file work33.cif (mmCIF, C-alpha atoms)
data_protein
loop_
_atom_site.label_atom_id
_atom_site.label_comp_id
_atom_site.auth_asym_id
_atom_site.auth_seq_id
_atom_site.Cartn_x
_atom_site.Cartn_y
_atom_site.Cartn_z
CA MET A 27 -13.10 12.23 32.67
CA ASP A 28 -11.86 15.67 31.62
CA GLU A 29 -13.30 17.12 28.47
CA SER A 30 -10.62 17.04 25.82
CA LEU A 31 -8.77 20.24 25.07
CA LEU A 32 -7.89 21.21 21.53
CA ILE A 33 -4.61 22.81 20.52
CA SER A 34 -6.62 25.75 19.14
CA GLU A 35 -7.91 26.42 22.66
CA LEU A 36 -4.41 27.09 23.95
CA SER A 37 -3.00 30.61 23.79
CA HIS A 38 0.15 31.13 21.76
CA ASP A 39 2.03 31.76 25.02
CA GLU A 40 0.74 28.48 26.50
CA ILE A 41 1.83 26.58 23.39
CA LYS A 42 5.30 28.14 23.62
CA LYS A 43 5.47 27.36 27.34
CA ARG A 44 4.55 23.71 26.85
CA LEU A 45 6.95 23.34 23.94
CA ILE A 46 9.78 24.62 26.15
CA LEU A 47 8.94 23.04 29.51
CA ASN A 48 7.39 19.56 29.36
CA GLY A 49 6.81 19.03 25.69
CA LEU A 50 3.53 19.84 23.95
CA ARG A 51 1.63 16.55 23.88
CA ILE A 52 -0.68 16.01 20.93
CA LYS A 53 -2.87 13.06 20.01
CA MET A 54 -2.17 12.33 16.36
CA GLY A 55 -4.42 9.43 15.50
CA CYS A 56 -3.16 6.31 17.24
CA PHE A 57 0.01 8.02 18.49
CA ASN A 58 0.57 10.39 21.37
CA ILE A 59 3.43 12.66 20.41
CA ALA A 60 5.38 15.07 22.59
CA ILE A 61 7.16 17.94 20.87
CA ASN A 62 9.90 19.96 22.54
CA SER A 63 11.23 23.10 20.89
CA LYS A 64 12.13 26.73 21.45
CA ILE A 65 12.14 27.47 17.71
CA PRO A 66 9.56 30.17 16.84
CA ALA A 67 8.70 28.53 13.48
CA ILE A 68 7.57 25.40 15.37
CA SER A 69 5.33 27.32 17.78
CA LYS A 70 3.79 28.96 14.69
CA HIS A 71 3.49 25.69 12.72
CA ILE A 72 1.67 23.73 15.43
CA PRO A 73 -1.47 25.86 15.96
CA HIS A 74 -1.76 26.40 12.21
CA PHE A 75 -1.70 22.69 11.34
CA TYR A 76 -2.75 20.97 14.55
CA GLY A 77 -5.39 23.38 15.92
CA ALA A 78 -8.16 20.77 15.66
CA TYR A 79 -6.08 18.03 17.35
CA GLU A 80 -6.51 16.97 20.95
CA CYS A 81 -3.97 18.40 23.35
CA LEU A 82 -2.93 15.92 26.03
CA ASN A 83 -2.03 16.88 29.56
CA ASN A 84 1.53 16.82 30.83
CA GLU A 85 1.08 13.46 32.55
CA SER A 86 -0.21 11.66 29.48
CA PHE A 87 1.71 8.69 28.17
CA VAL A 88 3.56 9.48 24.96
CA ASP A 89 4.61 7.03 22.24
CA ILE A 90 7.06 9.35 20.55
CA CYS A 91 9.01 12.23 22.05
CA VAL A 92 10.83 14.53 19.65
CA ASP A 93 13.03 17.55 20.13
CA LEU A 94 13.96 20.27 17.64
CA LYS A 95 16.83 22.52 18.67
CA ALA A 96 18.71 25.27 16.93
CA VAL A 97 22.32 24.21 16.44
CA GLY A 98 24.55 26.25 18.77
CA GLY A 99 27.94 27.87 18.31
CA TYR A 100 28.82 30.31 15.56
CA ARG A 101 26.19 28.70 13.32
CA LYS A 102 23.56 30.45 15.39
CA TRP A 103 24.56 33.66 13.60
CA TYR A 104 25.92 32.31 10.34
CA LYS A 105 23.68 29.89 8.40
CA PRO A 106 21.55 28.82 11.41
CA GLN A 107 20.52 25.17 11.48
CA VAL A 108 18.09 22.88 13.27
CA ASP A 109 18.69 19.44 14.77
CA PHE A 110 16.00 16.81 15.19
CA SER A 111 16.26 14.19 17.90
CA PHE A 112 14.10 11.28 19.01
CA ASP A 113 14.69 10.08 22.55
CA GLY A 114 18.12 11.69 22.27
CA TYR A 115 19.00 9.99 18.98
CA LYS A 116 19.65 12.16 15.92
CA PRO A 117 18.66 10.26 12.78
CA PHE A 118 19.32 13.16 10.37
CA ALA A 119 22.02 15.68 9.61
CA PRO A 120 21.02 19.24 10.62
CA LEU A 121 18.96 21.30 8.17
CA PRO A 122 18.66 25.07 7.66
CA LEU A 123 16.62 26.60 10.47
CA SER A 124 13.98 27.79 7.99
CA GLN A 125 13.16 24.13 7.32
CA ALA A 126 12.36 23.32 10.96
CA PRO A 127 8.61 22.69 10.34
CA ALA A 128 9.39 20.32 7.44
CA MET A 129 11.96 18.57 9.61
CA LEU A 130 9.36 18.12 12.35
CA GLU A 131 6.96 16.41 9.91
CA TRP A 132 9.67 14.24 8.32
CA GLY A 133 11.02 13.38 11.74
CA ILE A 134 7.65 12.21 13.06
CA ASN A 135 7.25 10.09 9.91
CA TRP A 136 10.65 8.55 10.57
CA CYS A 137 9.78 7.79 14.20
CA VAL A 138 6.51 6.08 13.24
CA ALA A 139 8.08 4.10 10.38
CA ASN A 140 10.89 2.85 12.60
CA ASN A 141 9.01 2.10 15.77
CA ALA A 142 5.34 1.28 15.24
CA HIS A 143 5.93 -2.39 14.52
CA HIS A 144 2.53 -3.39 15.85
CA PHE A 145 1.43 -2.30 12.37
CA LEU A 146 2.45 -3.33 8.90
CA ILE A 147 3.57 0.08 7.64
CA ILE A 148 3.18 0.77 3.94
CA HIS A 149 4.62 3.83 2.24
CA ALA A 150 1.29 4.97 0.85
CA ALA A 151 -1.44 7.53 1.01
CA ILE A 152 -4.67 6.18 2.46
CA VAL A 153 -8.11 7.72 2.07
CA GLU A 154 -11.64 6.47 2.65
CA LYS A 155 -15.06 6.93 1.09
CA ASN A 156 -18.30 5.07 1.92
CA GLY A 157 -16.40 2.89 4.38
CA GLN A 158 -13.97 1.70 1.70
CA GLY A 159 -10.27 2.32 2.19
CA LEU A 160 -8.14 3.19 -0.83
CA ILE A 161 -4.42 2.58 -0.45
CA LEU A 162 -2.15 4.43 -2.87
CA PRO A 163 1.44 3.22 -2.49
CA GLY A 164 3.83 5.36 -4.42
CA THR A 165 7.40 5.93 -5.34
CA PRO A 166 8.52 9.59 -5.52
CA GLY A 167 7.03 11.18 -8.64
CA SER A 168 4.09 8.78 -8.85
CA GLY A 169 1.75 11.58 -7.82
CA LYS A 170 0.58 9.85 -4.65
CA SER A 171 0.43 12.96 -2.45
CA THR A 172 -1.06 15.18 -5.16
CA LEU A 173 -3.77 12.65 -5.86
CA CYS A 174 -4.36 12.19 -2.15
CA ALA A 175 -4.71 15.96 -1.58
CA ALA A 176 -7.15 16.27 -4.47
CA LEU A 177 -9.26 13.33 -3.27
CA VAL A 178 -9.37 14.76 0.25
CA ASN A 179 -10.64 18.05 -1.20
CA GLN A 180 -13.36 16.10 -3.00
CA GLY A 181 -14.72 14.61 0.21
CA TRP A 182 -12.60 11.52 0.73
CA ARG A 183 -11.47 11.13 4.34
CA LEU A 184 -7.72 11.38 4.93
CA LEU A 185 -6.12 8.69 7.06
CA SER A 186 -2.56 9.55 6.03
CA ASP A 187 -0.75 10.94 3.00
CA GLU A 188 2.43 9.05 3.85
CA MET A 189 1.86 5.77 5.69
CA ALA A 190 -0.87 3.17 5.73
CA LEU A 191 -0.90 1.59 9.19
CA VAL A 192 -2.32 -1.91 8.79
CA SER A 193 -3.13 -3.63 12.07
CA LEU A 194 -1.47 -7.03 12.45
CA GLU A 195 -4.43 -8.10 14.56
CA ASP A 196 -7.51 -7.20 12.54
CA GLY A 197 -6.20 -6.08 9.14
CA MET A 198 -7.91 -2.69 9.48
CA VAL A 199 -6.08 0.50 8.56
CA TYR A 200 -5.75 2.95 11.46
CA PRO A 201 -5.79 6.70 10.88
CA ALA A 202 -2.94 9.02 11.74
CA PRO A 203 -3.78 12.08 9.64
CA ARG A 204 -1.16 14.80 9.54
CA PRO A 205 -0.55 17.75 7.21
CA VAL A 206 -0.37 16.70 3.56
CA SER A 207 3.07 17.41 2.18
CA LEU A 208 3.12 18.72 -1.39
CA LYS A 209 6.18 19.36 -3.50
CA ASN A 210 7.11 21.74 -6.30
CA GLN A 211 4.46 21.97 -9.08
CA SER A 212 1.97 19.97 -7.00
CA ILE A 213 1.59 22.92 -4.62
CA GLN A 214 0.09 25.21 -7.27
CA ILE A 215 -1.90 22.36 -8.84
CA ILE A 216 -3.72 21.73 -5.56
CA LYS A 217 -4.07 25.46 -4.76
CA ASP A 218 -5.80 25.88 -8.14
CA PHE A 219 -7.85 22.72 -7.69
CA ALA A 220 -9.00 23.52 -4.15
CA PRO A 221 -8.88 27.29 -3.53
CA ASP A 222 -10.42 26.80 -0.06
CA ALA A 223 -7.72 24.41 1.12
CA ILE A 224 -5.47 25.95 3.78
CA PHE A 225 -1.72 25.85 3.29
CA GLY A 226 1.30 26.89 5.28
CA ASP A 227 4.20 28.90 3.95
CA ILE A 228 6.27 27.41 1.15
CA ILE A 229 9.52 26.05 2.50
CA GLU A 230 12.06 26.54 -0.25
CA ASP A 231 15.09 24.55 -1.36
CA THR A 232 14.64 21.52 0.84
CA LEU A 233 16.16 18.16 -0.11
CA LYS A 234 12.84 17.41 -1.83
CA GLY A 235 12.56 20.83 -3.52
CA ASP A 236 9.96 23.39 -2.45
CA ILE A 237 7.50 22.03 0.10
CA ALA A 238 4.14 23.24 1.33
CA HIS A 239 1.86 21.54 3.82
CA MET A 240 -1.91 21.44 3.53
CA VAL A 241 -4.05 21.51 6.67
CA VAL A 242 -5.97 18.30 7.37
CA PRO A 243 -9.74 18.79 6.97
CA GLN A 244 -11.65 18.85 10.25
CA THR A 245 -13.63 15.68 9.37
CA ALA A 246 -10.44 13.63 9.18
CA VAL A 247 -9.37 14.83 12.63
CA THR A 248 -12.73 14.22 14.29
CA SER A 249 -13.02 10.65 12.97
CA VAL A 250 -9.48 9.81 13.96
CA SER A 251 -10.50 6.87 16.13
CA THR A 252 -12.38 5.07 13.34
CA PRO A 253 -10.28 2.56 11.43
CA VAL A 254 -11.06 1.59 7.86
CA LYS A 255 -11.38 -1.69 6.06
CA PRO A 256 -9.09 -1.62 3.03
CA ALA A 257 -10.97 -2.18 -0.25
CA PHE A 258 -8.60 -1.02 -3.00
CA LEU A 259 -4.87 -1.14 -3.54
CA VAL A 260 -4.00 1.14 -6.44
CA TYR A 261 -0.47 1.75 -7.70
CA PRO A 262 -0.53 5.20 -9.31
CA HIS A 263 1.85 6.22 -12.09
CA TYR A 264 1.79 9.80 -13.32
CA GLN A 265 2.88 9.85 -16.95
CA ALA A 266 2.46 13.06 -18.98
CA ASN A 267 0.79 12.58 -22.39
CA SER A 268 -0.29 9.03 -21.58
CA GLU A 269 -3.75 7.51 -21.80
CA GLN A 270 -5.60 6.93 -18.55
CA GLN A 271 -5.45 3.21 -17.79
CA LEU A 272 -6.87 1.46 -14.74
CA THR A 273 -5.94 -2.20 -15.07
CA VAL A 274 -6.50 -5.07 -12.70
CA GLN A 275 -3.23 -6.28 -11.25
CA PRO A 276 -2.79 -9.99 -10.50
CA LYS A 277 -2.61 -10.51 -6.74
CA SER A 278 0.79 -12.19 -6.98
CA ARG A 279 2.24 -9.09 -8.70
CA ALA A 280 0.45 -6.79 -6.28
CA LEU A 281 2.03 -8.65 -3.36
CA MET A 282 5.52 -8.40 -4.86
CA THR A 283 5.09 -4.65 -5.38
CA LEU A 284 3.63 -4.22 -1.91
CA GLY A 285 6.80 -5.77 -0.49
CA GLU A 286 8.78 -2.91 -2.05
CA HIS A 287 6.56 -0.34 -0.34
CA ALA A 288 6.29 -1.92 3.10
CA PHE A 289 8.74 -0.21 5.46
CA ASN A 290 8.84 -2.96 8.03
CA PHE A 291 7.68 -6.29 6.61
CA ASN A 292 11.16 -7.74 6.98
CA VAL A 293 11.31 -6.56 10.59
CA LEU A 294 8.06 -8.43 11.19
CA GLY A 295 9.17 -11.53 9.25
CA LYS A 296 6.46 -14.16 8.77
CA GLU A 297 3.89 -11.99 10.54
CA GLY A 298 4.60 -9.18 8.06
CA PHE A 299 4.33 -11.47 5.06
CA ASP A 300 1.08 -12.97 6.35
CA SER A 301 -0.27 -9.48 6.93
CA MET A 302 0.58 -8.43 3.36
CA VAL A 303 -1.06 -11.59 1.98
CA ARG A 304 -4.21 -10.91 4.00
CA LEU A 305 -4.30 -7.33 2.74
CA VAL A 306 -3.83 -8.29 -0.92
CA ASP A 307 -6.43 -11.04 -0.57
CA GLN A 308 -9.10 -8.69 0.73
CA VAL A 309 -8.67 -5.80 -1.74
CA ALA A 310 -9.06 -5.22 -5.45
CA CYS A 311 -5.62 -4.46 -6.92
CA TYR A 312 -4.98 -2.08 -9.80
CA ASP A 313 -2.21 -0.42 -11.75
CA PHE A 314 -3.23 3.11 -12.60
CA THR A 315 -1.54 5.28 -15.20
CA TYR A 316 -2.85 8.82 -15.63
CA PRO A 317 -1.77 11.89 -17.57
CA ASP A 318 -3.31 14.63 -15.38
CA LEU A 319 -5.24 15.25 -12.19
CA ASP A 320 -8.71 15.35 -13.78
CA SER A 321 -8.35 11.94 -15.38
CA ALA A 322 -6.80 10.59 -12.19
CA LEU A 323 -9.86 11.66 -10.20
CA THR A 324 -12.25 10.24 -12.79
CA GLY A 325 -10.46 6.90 -12.64
CA ILE A 326 -10.33 6.71 -8.85
CA ASN A 327 -13.90 7.89 -8.34
CA SER A 328 -15.10 5.18 -10.74
CA LEU A 329 -14.06 2.61 -8.13
CA VAL A 330 -16.61 3.62 -5.48
CA MET B 12 5.71 -27.90 5.25
CA LEU B 13 8.86 -25.94 4.51
CA LYS B 14 10.20 -24.34 7.64
CA ASP B 15 12.22 -21.63 5.90
CA PHE B 16 9.52 -20.48 3.48
CA CYS B 17 6.13 -18.88 3.36
CA LEU B 18 4.26 -19.58 0.13
CA GLN B 19 1.19 -17.87 -1.24
CA GLN B 20 -0.31 -19.22 -4.42
CA TRP B 21 -2.74 -17.41 -6.66
CA GLN B 22 -3.64 -19.56 -9.65
CA MET B 23 -0.64 -19.71 -12.01
CA GLU B 24 1.79 -17.74 -9.85
CA THR B 25 3.22 -18.24 -6.39
CA VAL B 26 4.99 -15.74 -4.15
CA ILE B 27 7.70 -17.23 -1.96
CA TYR B 28 9.02 -15.46 1.11
CA HIS B 29 12.37 -16.87 2.19
CA LEU B 30 12.50 -16.25 5.93
CA PRO B 31 16.28 -16.48 6.53
CA THR B 32 17.12 -13.85 3.87
CA GLY B 33 13.86 -11.85 3.84
CA ASN B 34 13.74 -12.10 0.04
CA MET B 35 10.54 -12.55 -1.94
CA TYR B 36 10.34 -14.41 -5.23
CA LEU B 37 7.60 -14.69 -7.81
CA LEU B 38 7.51 -18.09 -9.49
CA PRO B 39 5.16 -19.89 -11.82
CA SER B 40 3.20 -22.22 -9.56
CA THR B 41 4.56 -25.34 -11.27
CA TYR B 42 8.11 -24.26 -10.33
CA ALA B 43 6.99 -23.50 -6.79
CA ASP B 44 5.48 -27.00 -6.50
CA ILE B 45 8.79 -28.51 -7.60
CA LEU B 46 10.65 -26.32 -5.10
CA VAL B 47 8.48 -27.67 -2.30
CA VAL B 48 9.30 -31.25 -3.29
CA MET B 49 13.01 -30.39 -3.64
CA ASN B 50 13.00 -29.24 -0.02
CA ASP B 51 10.56 -31.71 1.50
CA ALA B 52 11.46 -35.01 -0.17
CA PRO B 53 14.30 -34.50 -2.64
CA GLU B 54 14.14 -37.90 -4.32
CA TRP B 55 15.65 -37.57 -7.80
CA GLY B 56 13.38 -40.10 -9.50
CA SER B 57 10.13 -38.56 -8.29
CA LEU B 58 11.35 -35.07 -9.22
CA ILE B 59 12.21 -36.23 -12.74
CA LYS B 60 8.76 -37.80 -13.02
CA ARG B 61 7.11 -34.56 -11.95
CA ILE B 62 9.21 -32.48 -14.36
CA LYS B 63 8.47 -34.79 -17.27
CA ALA B 64 4.77 -34.55 -16.54
CA ASN B 65 4.76 -30.75 -16.16
CA PHE B 66 7.03 -29.78 -19.01
CA GLN B 67 6.66 -32.65 -21.50
CA LEU B 68 10.39 -33.47 -21.50
CA ASP B 69 12.18 -36.78 -22.12
CA ASP B 70 14.45 -38.38 -19.51
CA ASN B 71 17.65 -36.62 -20.59
CA GLU B 72 16.02 -33.21 -20.93
CA ALA B 73 14.34 -33.60 -17.53
CA ASP B 74 17.63 -34.57 -15.92
CA LEU B 75 19.38 -31.53 -17.36
CA PHE B 76 16.46 -29.30 -16.43
CA LEU B 77 16.50 -30.48 -12.82
CA LYS B 78 20.27 -29.99 -12.50
CA ASP B 79 19.91 -26.43 -13.82
CA LEU B 80 17.01 -25.79 -11.48
CA TYR B 81 19.04 -26.96 -8.47
CA ALA B 82 21.94 -24.73 -9.53
CA GLU B 83 19.69 -21.68 -9.87
CA TYR B 84 17.87 -22.29 -6.56
CA ARG B 85 21.18 -22.86 -4.76
CA LYS B 86 22.43 -19.47 -5.95
CA ILE B 87 19.55 -17.79 -4.13
CA ASN B 88 19.55 -20.16 -1.15
CA LEU B 89 16.18 -21.70 -1.90
CA VAL B 90 17.70 -25.19 -1.68
CA THR B 91 20.74 -26.41 0.17
#

call {"tool": "encode", "arguments": {"input": "work33.cif", "output": "structure tokens"}}
result
Amino acid sequence: MDESLLISELSHDEIKKRLILNGLRIKMGCFNIAINSKIPAISKHIPHFYGAYECLNNESFVDICVDLKAVGGYRKWYKPQVDFSFDGYKPFAPLPLSQAPAMLEWGINWCVANNAHHFLIIHAAIVEKNGQGLILPGTPGSGKSTLCAALVNQGWRLLSDEMALVSLEDGMVYPAPRPVSLKNQSIQIIKDFAPDAIFGDIIEDTLKGDIAHMVVPQTAVTSVSTPVKPAFLVYPHYQANSEQQLTVQPKSRALMTLGEHAFNFNVLGKEGFDSMVRLVDQVACYDFTYPDLDSALTGINSLV
Amino acid sequence: MLKDFCLQQWQMETVIYHLPTGNMYLLPSTYADILVVMNDAPEWGSLIKRIKANFQLDDNEADLFLKDLYAEYRKINLVT
């Protein structure tokens, strides 16, 4: 068997060549993803964020094949835009060309959420410490990604900042770590909290505000084939000037809330419901209100 | 067992997943027990008996209660 090749071992020219010719094939956790693009910002984004990831050869099977193209016509010169497509289908309206890297990350999330139905997919960050998986489902503004980024910089292993992939077969959560997406004030909060964390450029004025991605720590990439047993399901709520409160949530309520965060449980039907029940049954469920990052970390670290 | 439902009970509360609509409902377990009987063996007399025992109601109150319960469950397709 060939020794695996990392993206960081490819020259910039080779990355550009693969992106243009056959698609650059990258192993991202349990998914093999092929990326096609001539856009310079993409060929810069990939080695920066995916340098430690395994590069697959051109014959490898891919689960997801995406394409990012600059929109043609007069737009090329006036307000240039980028189009994202998945197997030829365009799920989004074009975005400004400067947002191509963000569109790549959002697009891959969309592809996983809409196609990986061998998992129960929960809109949640998932991290692990001492073999215990912590699932943090979150609505926008709950502080899920900020908390996830801080925990990862304190030694928790990142499985994903966006989707918990719960196997329908064994109930384990499978890793698919990708750059952590931070928004607006959260960017500076994490830069101050973890000065050694590596970020990309800030992408301004996206639909979600200003965005910056944080590079996944090496340990998360190297242990990408090790799934985690979920131990905690914590619903975070950032609330300025509140008291920190970590309260046990009844399992019935936790299940109802989980249904709101599961992308595909209705696609899966009974299998999805059974999978959610099994998950809720095997974890400790909490509601967690916190006023700032320090108290959030104290509360979460008290669990393990 | 109910073919259109999945039920998961934890002590005093039960979560019901209605397969045809994909909706989930959270009910007190006593109400969920009555729902099961309403679907499995909807015999008015036995339902009244169960309601009287669970909610300490007299015959008239139990009758009214059951009619209201049927009306509410019909609205959300939990009974036909």

call {"tool": "interface_residues", "arguments": {"input": "work33.cif", "of": "chain B", "to": "chain A", "cutoff": "10 Å", "atoms": "only C-alpha atoms", "output": "list in words"}}
result
Asp15, Phe16, Cys17, Leu18, Gln19, Gln20, Trp21, Gln22, Met23, Glu24, Thr25, Val26, Ile27, Tyr28, His29, Leu30, Pro31, Thr32, Gly33, Asn34, Met35, Tyr36, Leu37 and Leu38 of chain B

call {"tool": "atom_distance", "arguments": {"input": "work33.cif", "atom1": "atom CA of A:Phe258", "atom2": "atom CA of A:Phe225"}}
result
28.4 Å

call {"tool": "atom_distance", "arguments": {"input": "work33.cif", "atom1": "atom CA of A:Trp136", "atom2": "atom CA of A:Val153"}}
result
20.6 Å

call {"tool": "resolve_selection", "arguments": {"input": "work33.cif", "expression": "the PyMOL selection byres ((chain A and resi 219) around 12)", "output": "count of residues only"}}
result
22

call {"tool": "residues_around", "arguments": {"input": "work33.cif", "residues": "A:Thr248", "least_positions_apart": "5", "cutoff": "12 Å", "atoms": "only C-alpha atoms", "output": "list in words"}}
result
Leu32, Lys53, Met54, Gly55, Gly77, Ala78, Tyr79, Glu80, Arg183, Leu184, Leu185, Pro201, Ala202, Pro203, Val242 and Pro243 of chain A

call {"tool": "residues_around", "arguments": {"input": "work33.cif", "residues": "stretch 204-211 of chain A", "least_positions_apart": "6", "cutoff": "7 Å", "atoms": "all atoms listed in the file", "output": "ChimeraX atom specification"}}
result
/A:75,171-172,175,186-187,235-242
